[in-house]
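Each remark here refers to the structure printed beneath this line.
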Amino acid sequence: MKHSVAMIFCASTLLGSDLDHSDWEQIAKKYINTEHKVDYARLKQESSTQLDRYVTMLALPWPTDLGENPRKAALINAYNALTVRWILTNYPVASIWKTSKPFSQPRHRVNGRNVSLDQLEKELRDGGDPRIHAALVCAARSCPPLRREAFGAATLDAQLDDNTREWLRISTLNSFDTASNKADVSSIFKWYKSDFELKGSTLGAFLSRYGPSGNFTKITFKDYDWGLNDSTDTGRKYSSISLYWDYLKNKLR
């Protein structure tokens with residue numbers, strides 16, 4: 001009996017109240033294609049008001065009894081939806097780096113406070129789950145796959161596992177040679193390496209768990225394409241030179 005009560009309490013702590021992510025769910029299904037690119041032009045023309053309604057809901061104070069999984073799912077959805085909204089504000093644009101301080105400016109309102117995309121990412125990283133790096137999409141062509149549905153509290157673990165495996169399956173983003181123990185993977189694994197090595201684990205072990213099974217001891221990192229993750233050619237030719245100058249201009253602003 002005590003064991004059953006403990007299980008119920010644990011589930012309640014993980015779930016608790018929840019937010020309504022149906023607007024983001026509908027947008028994701030309609031405007032994100034099977035290659036995980038966004039039809040920004042059509043979204044801006046047809047459903048920007050629906051996205052604004054969802055963003056307005058995220059801005060209000062969240063329930064005080066929001067459980068661990070609902071909060072985590074909501075933060076992931078907020079990061080992705082607010083990134084898409086920021087792109088729509090500036091669209092057409094070849095890269096998110098062509099906008100003003102895209103990650104560091106606390107221009108977004110979430111749970112009754114002003115936050116930046118970097119702050120949302122940090123809050124999720126502080127939770128100690130490296131799979132969140134497979135779910136957060138910063139509008140770049142080299143980003144992990146943008147999921148064609150909202151993340152939900154009840155299905156969060158399965159969705160994070162699935163998105164991580166899908167990310168590692170896309171050969172343009174991550175490639176593996178199990179015969180020679182080589183992995184050529186996203187620069188995200190370099191930038192946030194410590195997140196994948198928590199509790200004595202290794203980056204190779206993470207890659208083997210969610211990608212092809214192997215002993216990846218030779219790991220290199222792919223160049224990151226910051227061109228816009230648009231379903232059209234917008235951003236396809238965004239160069240490393242353009243990135244350099246746009247990054248520099250943002251640092252000087």
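Residue numbering restarts at 1 for every chain of the structure tokens, chains are lettered A, B, ... in their displayed order, and ligands are numbered from 1 as they appear.
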Contacts of range 176-182 of chain A within 8 Å, only C-alpha atoms, excl. fewer than 5 positions in-chain, as a PyMOL selection string: chain A and resi 212-220
Next on the checklist: Applying 10 Å and only C-alpha atoms, which residues near Pro145 in chain A remain after dropping the ones on its own chain fewer than 6 positions away? List them as a PyMOL selection string.
Outcome noted: chain A and resi 32+34-37+134-137+163-164+166-168+170+173+229
*Could you name the residues that touch range 102-117 of chain A at 12 Å or less, counting only C-alpha atoms, but leaving out those on the same chain fewer than 3 positions away, as a ChimeraX atom specification?*
/A:19,52,54-64,66,71,74-87,89-90,95-99,120-124,136-139,246-247,249-251,253
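One distance worth recording is that between CA of His21 in chain A and CA of Ala150 in chain A, which is 6.5 Å.
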I need the residue nearest Val185 in chain A from this list: A:Leu198, A:Cys143, A:Val93, A:Ala158. Use only C-alpha atoms for the distance.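 Comparing A:Leu198, A:Cys143, A:Val93, A:Ala158 against Val185 in chain A, the winner is A:Cys143.
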Separation of CA of Trp226 in chain A from CA of Gln159 in chain A in Å:
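One can read the CA of Gln159 in chain A to CA of Trp226 in chain A distance as 24.9 Å.
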Problem set entry | DSSP strand (DSSP E) selection over range 163-234 of chain A, as a PyMOL selection string | chain A and resi 175-177+182-185+218-221
Filtering to N, CA and C atoms, could you give me those residues as a compact mmCIF listing (two decimals), in the first residue's frame?
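File part-v8.txt, as written:
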# COMPACT_ATOMS: atom_id res chain seq x y z
N SER A 175 27.59 11.46 -38.75
CA SER A 175 27.92 10.25 -39.52
C SER A 175 28.87 9.37 -38.71
N PHE A 176 28.78 8.07 -38.95
CA PHE A 176 29.50 7.10 -38.13
C PHE A 176 30.17 6.04 -39.00
N ASP A 177 31.35 5.62 -38.58
CA ASP A 177 32.07 4.49 -39.19
C ASP A 177 32.42 3.53 -38.06
N LYS A 182 35.03 5.58 -35.73
CA LYS A 182 35.03 7.02 -35.99
C LYS A 182 33.61 7.58 -36.00
N ALA A 183 33.49 8.78 -35.47
CA ALA A 183 32.22 9.50 -35.51
C ALA A 183 32.52 10.95 -35.90
N ASP A 184 31.79 11.43 -36.89
CA ASP A 184 31.91 12.83 -37.31
C ASP A 184 30.56 13.47 -37.03
N VAL A 185 30.49 14.24 -35.95
CA VAL A 185 29.19 14.62 -35.41
C VAL A 185 29.03 16.15 -35.34
N LYS A 218 37.30 7.93 -31.83
CA LYS A 218 37.83 8.97 -32.72
C LYS A 218 36.66 9.85 -33.15
N ILE A 219 36.51 10.97 -32.47
CA ILE A 219 35.36 11.83 -32.69
C ILE A 219 35.81 13.18 -33.25
N THR A 220 35.24 13.54 -34.40
CA THR A 220 35.48 14.85 -35.00
C THR A 220 34.13 15.57 -35.11
N PHE A 221 34.21 16.86 -35.45
CA PHE A 221 32.99 17.67 -35.42
C PHE A 221 32.80 18.40 -36.75
